[in-house]
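Undergrad: Just dropping this structure here.
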Amino acid sequence: MSDREERGPDGADEAAAAELDEATATGEATPEDVPVWDDEYVERVSGRLLHNFDLEKERTVAGESFTLYGRMDIESRKQLFHAALNYANHDSTEHLFVARRDGVGVADLEALVEWAHDLADEWIDADEEHFSTDFTVALVVPRIPEAVREFVEGFKDRTLIKYGYYGHYEVNLVVVAPDREEIATSRATDLDRAFALWAEPEAESSGLLSRLF
């Protein structure tokens, strides 16, 4: 398995991030079909995701229950003179699963990684147009044990499908303790900006969260 490719910055600035946080706090710019969470922290996180993810509340997937489920689909198309003449068609999907837990250990995370691999077998339609699918599991907990932090921050898991001919999928991990303002994310994910509500927004960002601000 190899590290994930980096994506270029889009030049998002602090003002844009501040405006998004303000709109989320006041309820402005929220699509009508977005659920409302009783959990204040998850509600604020959803405000950072709602413009890019389709969000669902209280979803059970393959025996695991989640407070929030999000899905983002990205289509990459190249065209020659006209949209009907397209080639190099690639599809990418991001699945995000968020759950509150009373605590977490390394064994819990390992079990969720195996769960994600089983889900990949069921959910991915592997063909020439499939480029990538990401499965990110985020746990909201009271505290982050040091062993968990080390496991998450050192974790990377990419699987090639048919030697890469049908693309690949990745399993990513996030563990966050919002009351302590602590977060651990795997090397392959850049969702920390969505979950670290206490952090100052950066002037520039790359990857998934650069599309959210």
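By order in the structure tokens, chains are A, B, ...; within a chain, residues start at 1; ligands start at 1, following the order shown.
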Could you pull the residues within 12 Å of Pro35 of chain A, counting only C-alpha atoms, minus those fewer than 3 positions along the same chain, as number ranges by chain?

TA: A: 27, 30-32, 38-39, 42-44, 46-47, 50, 54-59, 67-70

Undergrad: Return as number ranges by chain the full set of residues in segment 42-170 of chain A whose backbone-based DSSP assignment is alpha helix (DSSP H).

TA: A: 42-49, 106-123, 146-153

Undergrad: Please write the residues from the selection above to a file, keeping C-alpha atoms, as a PDB file, in the first residue's frame.

TA:
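The new file selection.pdb reads:
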```
ATOM      1  CA  VAL A  42     -22.170  17.224  15.456  1.00  0.00           C
ATOM      2  CA  GLU A  43     -24.538  19.972  14.310  1.00  0.00           C
ATOM      3  CA  ARG A  44     -21.627  22.395  13.895  1.00  0.00           C
ATOM      4  CA  VAL A  45     -19.541  19.775  12.102  1.00  0.00           C
ATOM      5  CA  SER A  46     -22.434  19.131   9.731  1.00  0.00           C
ATOM      6  CA  GLY A  47     -22.448  22.849   8.947  1.00  0.00           C
ATOM      7  CA  ARG A  48     -18.924  22.487   7.573  1.00  0.00           C
ATOM      8  CA  LEU A  49     -19.871  19.496   5.458  1.00  0.00           C
ATOM      9  CA  VAL A 106      -7.081   0.239  19.404  1.00  0.00           C
ATOM     10  CA  ALA A 107      -9.067  -3.000  19.145  1.00  0.00           C
ATOM     11  CA  ASP A 108     -12.229  -0.984  18.457  1.00  0.00           C
ATOM     12  CA  LEU A 109     -10.524   0.836  15.602  1.00  0.00           C
ATOM     13  CA  GLU A 110      -9.119  -2.371  14.138  1.00  0.00           C
ATOM     14  CA  ALA A 111     -12.626  -3.855  14.144  1.00  0.00           C
ATOM     15  CA  LEU A 112     -13.979  -0.782  12.348  1.00  0.00           C
ATOM     16  CA  VAL A 113     -11.232  -1.035   9.737  1.00  0.00           C
ATOM     17  CA  GLU A 114     -12.256  -4.613   9.004  1.00  0.00           C
ATOM     18  CA  TRP A 115     -15.892  -3.460   8.893  1.00  0.00           C
ATOM     19  CA  ALA A 116     -14.945  -0.831   6.302  1.00  0.00           C
ATOM     20  CA  HIS A 117     -13.161  -3.418   4.151  1.00  0.00           C
ATOM     21  CA  ASP A 118     -16.252  -5.625   4.187  1.00  0.00           C
ATOM     22  CA  LEU A 119     -18.348  -2.594   3.254  1.00  0.00           C
ATOM     23  CA  ALA A 120     -16.036  -1.832   0.351  1.00  0.00           C
ATOM     24  CA  ASP A 121     -16.696  -5.289  -1.069  1.00  0.00           C
ATOM     25  CA  GLU A 122     -20.441  -4.564  -0.994  1.00  0.00           C
ATOM     26  CA  TRP A 123     -20.595  -0.910  -1.996  1.00  0.00           C
ATOM     27  CA  GLU A 146      -2.167   7.791  23.756  1.00  0.00           C
ATOM     28  CA  ALA A 147      -2.209   4.306  22.203  1.00  0.00           C
ATOM     29  CA  VAL A 148      -5.196   5.313  20.095  1.00  0.00           C
ATOM     30  CA  ARG A 149      -3.513   8.540  18.997  1.00  0.00           C
ATOM     31  CA  GLU A 150      -0.394   6.665  17.909  1.00  0.00           C
ATOM     32  CA  PHE A 151      -2.433   4.068  16.033  1.00  0.00           C
ATOM     33  CA  VAL A 152      -4.568   6.625  14.196  1.00  0.00           C
ATOM     34  CA  GLU A 153      -1.765   9.012  13.276  1.00  0.00           C
TER      35      GLU A 153
END
```

Undergrad: For atom CA of Ala196 of chain A and atom CA of Arg158 of chain A, determine how far apart the two atoms are, in Å to one decimal place.

TA: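 Atom-to-atom, atom CA of Ala196 of chain A to atom CA of Arg158 of chain A, that is 24.6 Å.
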